[in-house]
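Undergrad: Sharing a structure here in structure tokens format.
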Amino acid sequence: DQQRANRITSLVRSCEELSPSERAHLLDHACSGDEELRQEVESHLEQGSAKTKSYIHCTDLEKILPTHYKLIKLIGTGGMAEVYLAQDSRLNRLVAIKFLNEAFRRDAERMRRFSHEARSASALNHPNIITIYDIGESEGVQFIVTEYVDGETLGSRIKREPIPIPETVDFAIQIASALHEAHQAGIIHRDLKPDNLMLRRDGSIKVMDFGLAKGSINSLAQGVDLEGRTMEALNTSPGLILGTPQYMSPEQTRALTLDGRTDIFSLGCVIFEMLTGKMAFTGESTIDVIAAIIGKEPLQLKDHLADPPSELVRIIDKTLR
């Protein structure tokens, strides 16, 4: 109720200026016999501390950016980078700025791959591919400035519920169109998955994260992430595996030479997951998933979707062949 909310607010404000020992002493007395009240107050205090740290971190990063960029908030983190929403005062628009994580800034290969993402994507001009505005480096920190996509990842949408057939077909057409543009330019994505696809509020799709786009290095099966994140190499001999196991083509898992068909295979996995909420290839471990991709047939759409259109079944079967 309002009285309890006021009580929590009052205690939070009282605790903010106290040392940890003084804060504990105050809460011992003020929340005696009401452990739930104490937990709520401490939760608010922790959230406030996290916001302060985030603000300080934003301030530090902002110092290395051109002055017309103003960081607003952290909007995403990944294995290699963190992404902030920012304001570009020069052109009066919102942008997203991706910074290479501090732990990777001394790694020449990761820095090369980070800048490679910007160069790969900036060479493409397509409504379903993220637009690169700028790239820079200052004090050893690399950053990429892109358009800000107001929406959610396709992965987040799928987690709520499977996507109806008409929407799935629409999304698949948009993704395929973007891949066609990339392949025409000689660029292979190699890490197509729902979490690398942004769904805008108007229903359009943006393909993101070209950081693993094909360069001069083929893959070697090293460094497997059991949680399904993008795999990284544990060393550089003689290459590295790049991709996410559940969406990788058989030739990608086996370190064979890749062409655009590897992205088409990944697209088939994404379409299947959009329709069913399930992955086309499953297993108890990453090794099991890879074994299924190499040696087993994918799950059948008809077993997970009532009366699927025959043409849609044909298309998915063809992409996963």
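By convention in this document, the chains of the structure tokens carry letters A, B, ... by their order, each chain's residues are numbered from 1, and ligands are numbered from 1 in the order they are shown.
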Please return as JSON, numbers by chain: the residues of stretch 116-163 of chain A that backbone DSSP assigns to helix (DSSP H, G or I).
TA: {"A": [116, 117, 118, 119, 120, 121, 122, 154, 155, 156, 157, 158, 159, 160]}
Undergrad: Could you check which of A:Phe281, A:Tyr69, A:Phe272, A:Tyr133 is closest to A:Leu312, using only C-alpha atoms?
TA: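 Ranked by minimum distance to A:Leu312, first place goes to A:Phe272.
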Undergrad: Quick one: of A:Val145, A:Ala176, A:Ile264, A:Ile187, who's nearest to A:Ile132, counting only C-alpha atoms?
TA: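 Under the stated criterion, the closest residue is A:Val145.
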Undergrad: If I take atom CA of A:Leu74 and atom CA of A:Asn125, how far is one from the other in Å, to one decimal?
TA: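 One can read the atom CA of A:Leu74 to atom CA of A:Asn125 distance as 26.8 Å.
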Undergrad: May I ask which of the residues A:Thr257, A:Thr146, A:Thr319, A:Ser43 is the closest one to A:Ala86, counting only C-alpha atoms?
TA: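 For A:Ala86, the nearest of the candidates is A:Thr146.
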Undergrad: Using DSSP secondary structure from the backbone, list all strand (DSSP E or B) positions within stretch 128-226 of chain A, as a VMD selection string.
TA: chain A and resid 129 132 to 138 141 to 147 151 to 153 197 to 200 205 to 207
Undergrad: Could you state the separation of atom CA of A:Lys206 and atom CA of A:Val149 in Å, given to one decimal place?
TA: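 Interatomic distance, atom CA of A:Lys206 to atom CA of A:Val149: 8.0 Å.
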Undergrad: Between atom CA of A:Ala280 and atom CA of A:Pro298, what is the spacing in Å?
TA: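 Spanning atom CA of A:Pro298 to atom CA of A:Ala280 is a straight-line distance of 5.2 Å.
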Undergrad: Would you kindly return, as a list in words, each protein, DNA or RNA residue with an atom no farther than 12 Å from any atom of stretch 33-36 of chain A, considering only C-alpha atoms and excluding same-chain residues fewer than 6 positions away?
TA: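 Counting only the stated atoms, we get Arg4, Ile8, Leu27, Glu42 and Ser43 of chain A.
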Undergrad: Counting only C-alpha atoms, which residue out of A:Leu199, A:Ala255, A:Cys31, A:Ile173 sits closest to A:Ile315?
TA: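 Counting only C-alpha atoms, the residue closest to A:Ile315 is A:Ile173.
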Undergrad: Which of these, A:Val289, A:Leu65, A:Leu154, A:Leu45, has the shortest distance to A:Gly136 once you count only C-alpha atoms?
TA: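 Under the stated criterion, the closest residue is A:Leu65.
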